[in-house]
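So this block is entry.txt, compact mmCIF, C-alpha atoms:
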# COMPACT_ATOMS: atom_id res chain seq x y z
CA VAL A 1 5.53 3.64 5.61
CA GLY A 2 5.66 2.05 2.19
CA GLU A 3 3.92 1.94 -1.15
CA ASP A 4 1.05 -0.16 0.12
CA GLN A 5 1.09 0.51 3.89
CA ILE A 6 0.11 3.41 6.13
CA VAL A 7 0.32 3.97 9.84
CA ALA A 8 -2.34 5.88 11.75
CA VAL A 9 -1.67 7.25 15.23
CA THR A 10 -4.41 8.91 17.28
CA GLN A 11 -3.91 11.45 20.05
CA LYS A 12 -5.36 8.90 22.47
CA GLY A 13 -2.52 6.45 21.73
CA LEU A 14 -4.11 4.05 19.27
CA VAL A 15 -1.65 2.91 16.58
CA LEU A 16 -2.86 1.10 13.46
CA LEU A 17 -0.75 -0.38 10.69
CA LEU A 18 -2.89 -0.71 7.56
CA LYS A 19 -2.12 -2.38 4.23
CA LEU A 20 -3.77 -1.68 0.90
CA LYS A 21 -5.21 -4.90 -0.51
CA THR A 22 -6.50 -5.21 -4.06
CA SER A 23 -8.49 -8.40 -3.91
CA PRO A 24 -11.43 -8.89 -4.18
CA ARG A 25 -11.58 -5.07 -4.50
CA PRO A 26 -9.32 -2.27 -3.16
CA HIS A 27 -9.57 -1.91 0.63
CA LEU A 28 -7.45 -1.23 3.71
CA SER A 29 -6.72 -4.23 5.89
CA GLU A 30 -5.52 -4.01 9.49
CA VAL A 31 -2.06 -5.57 9.86
CA ALA A 32 -1.44 -4.61 13.48
CA LYS A 33 -3.00 -2.58 16.26
CA ILE A 34 -1.45 -1.28 19.49
CA GLU A 35 -2.96 0.74 22.30
CA LEU A 36 -0.18 2.68 24.01
CA GLY A 37 -2.28 3.45 27.08
CA VAL A 38 -1.10 7.06 27.08
CA ASP A 39 -1.76 10.12 24.90
CA VAL A 40 0.44 11.03 21.94
CA LEU A 41 1.25 14.75 21.98
CA VAL A 42 3.33 15.19 18.80
CA ASN A 43 3.16 13.71 15.31
CA ALA A 44 4.84 10.37 14.73
CA ALA A 45 7.69 9.91 12.26
CA SER A 46 8.02 6.99 9.88
CA ASN A 47 10.00 5.55 7.04
CA ASP A 48 9.83 2.18 5.30
CA LYS A 49 11.44 0.35 8.26
CA MET A 50 10.59 2.27 11.45
CA ILE A 51 7.88 4.27 13.19
CA ALA A 52 8.88 6.62 16.02
CA ILE A 53 6.17 7.65 18.48
CA ALA A 54 6.64 10.04 21.41
CA ASP A 55 3.99 9.90 24.09
CA ALA A 56 2.84 11.92 27.09
CA SER A 57 4.89 9.79 29.50
CA ASN A 58 8.08 11.38 28.05
CA THR A 59 8.81 8.13 26.21
CA LEU A 60 9.98 7.66 22.64
CA THR A 61 9.31 4.21 21.19
CA LEU A 62 10.60 2.88 17.91
CA PHE A 63 8.45 0.21 16.21
CA ASN A 64 9.14 -1.88 13.12
CA THR A 65 6.80 -1.54 10.15
CA THR A 66 6.23 -5.27 9.79
CA ARG A 67 3.94 -5.87 12.80
CA LEU A 68 4.49 -2.82 15.04
CA ASP A 69 6.88 -4.78 17.23
CA PRO A 70 8.79 -2.48 19.61
CA VAL A 71 12.46 -2.14 18.64
CA ALA A 72 13.69 0.33 21.28
CA THR A 73 12.35 2.65 23.96
CA LYS A 74 13.84 5.69 25.65
CA LYS A 75 12.47 7.65 28.60
CA PHE A 76 13.38 11.35 28.71
CA ASP A 77 13.51 13.65 31.75
CA GLN A 78 11.45 16.24 29.85
CA PRO A 79 8.55 15.76 27.37
CA VAL A 80 9.43 15.20 23.72
CA SER A 81 8.60 18.69 22.49
CA ASN A 82 8.58 18.22 18.71
CA HIS A 83 7.90 15.31 16.38
CA PRO A 84 10.83 12.90 16.11
CA PHE A 85 12.93 12.72 12.95
CA LEU A 86 14.12 9.54 11.20
CA VAL A 87 17.04 10.36 8.93
CA GLU A 88 19.19 7.74 7.17
CA GLY A 89 19.59 5.25 9.99
CA MET A 90 19.46 7.76 12.84
CA VAL A 91 16.68 8.88 15.19
CA PHE A 92 16.41 12.48 16.45
CA ALA A 93 14.20 13.93 19.18
CA GLU A 94 13.84 17.17 21.14
CA SER A 95 13.60 16.94 24.89
CA GLY A 96 11.76 19.79 26.64
CA GLY A 97 12.84 22.26 23.97
CA LYS A 98 16.27 22.23 25.62
CA GLN A 99 18.15 19.33 24.04
CA PHE A 100 18.26 17.67 20.64
CA HIS A 101 19.22 14.00 20.86
CA ALA A 102 20.84 12.09 17.98
CA MET A 103 20.31 8.39 18.69
CA LYS A 104 21.11 4.93 17.37
CA PRO A 105 17.96 3.11 16.18
CA GLU A 106 18.98 -0.22 17.73
CA ASP A 107 18.63 0.97 21.33
CA LEU A 108 17.98 4.75 21.19
CA SER A 109 21.27 5.41 22.97
CA ASP A 110 22.63 8.91 22.42
CA ILE A 111 25.27 9.47 19.77
CA PHE A 112 25.36 13.11 20.81
CA VAL A 113 23.13 15.78 22.38
CA MET A 114 22.92 19.34 21.06
CA PRO A 115 21.64 22.24 23.22
CA LEU A 116 18.63 24.03 21.69
CA ASN A 117 18.22 27.15 23.85
CA GLN A 118 14.41 26.79 23.64
CA ILE A 119 14.47 27.06 19.80
CA SER A 120 12.66 24.17 18.15
CA VAL A 121 14.08 22.21 15.22
CA ALA A 122 12.55 22.67 11.76
CA GLY A 123 14.40 19.76 10.16
CA VAL A 124 17.45 17.53 9.93
CA ALA A 125 19.52 16.15 7.05
CA LYS A 126 22.55 13.88 6.89
CA THR A 127 25.55 14.19 4.58
CA ASP A 128 28.45 11.76 4.31
CA SER A 129 30.14 13.03 7.46
CA ASN A 130 27.83 15.67 8.93
CA ILE A 131 24.38 16.33 10.30
CA ILE A 132 22.64 19.56 9.28
CA VAL A 133 20.15 20.85 11.86
CA ALA A 134 17.85 23.74 10.92
CA GLN A 135 16.21 25.54 13.84
CA GLN A 136 13.00 27.54 13.45
CA ASN A 137 14.79 30.83 14.24
CA GLY A 138 16.87 30.49 11.05
CA ASP A 139 20.06 29.04 12.57
CA VAL A 140 21.36 26.15 10.47
CA SER A 141 24.13 24.21 12.19
CA GLN A 142 26.48 21.70 10.68
CA LEU A 143 27.57 19.09 13.21
CA ASP A 144 30.18 16.36 13.14
CA LEU A 145 28.35 13.06 12.66
CA GLU A 146 30.03 11.27 15.56
CA SER A 147 30.85 13.93 18.16
CA GLY A 148 28.01 16.40 17.57
CA GLU A 149 30.54 19.23 17.57
CA VAL A 150 29.24 22.27 15.69
CA THR A 151 31.58 22.87 12.74
CA ASN A 152 29.63 25.63 10.99
CA ILE A 153 26.59 27.84 11.59
CA GLN A 154 24.72 29.66 8.86
CA LYS A 155 22.08 32.21 9.80
CA VAL A 156 19.09 32.54 7.50
CA ASN A 157 17.24 35.78 8.20
CA SER A 158 13.82 34.17 8.30
CA ILE A 159 11.67 31.88 10.42
CA LEU A 160 11.98 28.34 9.09
CA SER A 161 9.17 25.84 8.66
CA SER A 162 11.08 22.88 7.26
CA GLY A 163 14.26 21.58 5.73
CA PRO A 164 17.03 21.06 5.13
CA ILE A 165 16.14 19.15 1.98
CA GLN A 166 18.59 18.01 -0.65
CA ILE A 167 18.01 18.88 -4.29
CA GLY A 168 20.87 17.67 -6.45
CA LYS A 169 24.07 18.44 -4.55
CA ASN A 170 22.63 21.43 -2.69
CA PHE A 171 20.68 21.71 0.55
CA TYR A 172 17.77 24.10 1.07
CA VAL A 173 15.60 25.27 3.95
CA ILE A 174 12.05 26.60 3.67
CA ALA A 175 10.75 29.69 5.46
CA VAL A 176 7.22 30.02 6.81
CA ASP A 177 6.36 32.35 3.90
CA GLY A 178 7.41 29.66 1.39
CA THR A 179 10.78 31.18 0.49
CA LEU A 180 13.42 28.60 -0.38
CA PHE A 181 16.96 29.38 0.87
CA ARG A 182 19.99 27.56 -0.53
CA LEU A 183 22.56 26.76 2.13
CA ASP A 184 26.22 27.60 1.67
CA GLU A 185 28.28 24.76 0.25
CA SER A 186 30.13 24.41 3.55
CA SER A 187 26.84 23.22 5.12

Conversion result in structure tokens:
Amino acid sequence: VGEDQIVAVTQKGLVLLLKLKTSPRPHLSEVAKIELGVDVLVNAASNDKMIAIADASNTLTLFNTTRLDPVATKKFDQPVSNHPFLVEGMVFAESGGKQFHAMKPEDLSDIFVMPLNQISVAGVAKTDSNIIVAQQNGDVSQLDLESGEVTNIQKVNSILSSGPIQIGKNFYVIAVDGTLFRLDESS
């Protein structure tokens, strides 16, 4: 979550925020500790400001990285079926493998919801005016940032493990065999 902090989340719902201290000798110091009281079924997501944790009660909670104070919580009808994504001021989460929610970090209200057709998301990226969503089956969709309307779909003939990632001005996705695919410039 930062140069000198890490967050640890156990499957049993224990969340620790640790800071690297250098005096009197290098060690990890506990900054904050939370027990969620429910299991965590998918990996957490974090950046330097937020930690997103989805638990077994179908709840996604956003915490700050200062003291693990809760910022926002959202209860889904279905379990969160993949780890959440934190991308440039937006929060993304799959619900039951059926819907992909793009949410505001302040309150986790939906900006838009994209149908998934039971195909999990490999990754998400944000451009100036679009969201790029790569699904594991190789479909890479470009969506309008505000409406969620699909404006372009590129099909990569491979199963994707991650991406899209930006290198220079181009975006790439990564297949499970390690192959790197450059996306068309319209993406």

A:Glu106, A:Asp177, A:Asp139, A:Asp55 ranked by distance to Leu41 in chain A, top pick (using only C-alpha atoms):
A:Asp55

Which residues, written as a ChimeraX atom specification, have at least one atom at most 6 Å from Asn130 in chain A, with all atoms listed in the file counted and residues fewer than 3 positions away on the same chain left out?
/A:126-127,143-145

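Take CA of Gly163 in chain A and CA of Gly123 in chain A: the distance between them is 4.8 Å.
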
Residues within 8 Å of range 11-16 of chain A, please, as a list in words. Count all atoms listed in the file; anything in the same chain fewer than 5 positions from it doesn't count.
Glu30, Val31, Ala32, Lys33, Ile34, Glu35, Leu36, Gly37, Val38, Asp39, Val40, Leu41 and Asp55 of chain A

For Gly89 in chain A, which residue out of A:Glu149, A:Asp69, A:Asp48, A:Glu3 is the nearest one, using all atoms listed in the file?
A:Asp48

Do you know which residues are at most 8 Å from Phe112 in chain A counting only C-alpha atoms, after dropping those on the same chain fewer than 5 positions away, and could you put them as number ranges by chain?
A: 101-103, 146-148

Two-atom distance - CA of Leu62 in chain A, CA of Glu94 in chain A (Å)
15.0 Å

Do you have, as CSV, the list of residues of range 26-110 of chain A lying at most 12 Å from range 116-119 of chain A, each with its nearest atom pair and that distance in Å to one decimal, counting all atoms listed in the file and ordered by chain then number?
residue,atom,partner,partner_atom,distance
A:Ser81,CA,A:Gln118,CA,10.0
A:Asn82,CA,A:Ile119,CA,10.7
A:Ala93,CA,A:Leu116,CA,11.3
A:Glu94,CA,A:Leu116,CA,8.4
A:Ser95,CA,A:Leu116,CA,9.3
A:Gly96,CA,A:Gln118,CA,8.1
A:Gly97,CA,A:Gln118,CA,4.8
A:Lys98,CA,A:Leu116,CA,4.9
A:Gln99,CA,A:Leu116,CA,5.3
A:Phe100,CA,A:Leu116,CA,6.5
A:His101,CA,A:Leu116,CA,10.1

In Å, how far is it from CA of Phe171 in chain A to CA of Gln142 in chain A?
11.7 Å

Pick out the closest residue to Leu17 in chain A from this set: A:Val42, A:Leu68, A:Val176, A:Ala54. Count all atoms listed in the file.
A:Leu68

Min atom-atom distance to Tyr172 in chain A from the set A:Val91, A:Leu60, A:Val150, A:Val140, counting all atoms listed in the file, belongs to A:Val140

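Using all atoms listed in the file, the smallest distance between any of A:Ile167, A:Val133, A:Ala52, A:Val9 and Lys155 in chain A comes from A:Val133.
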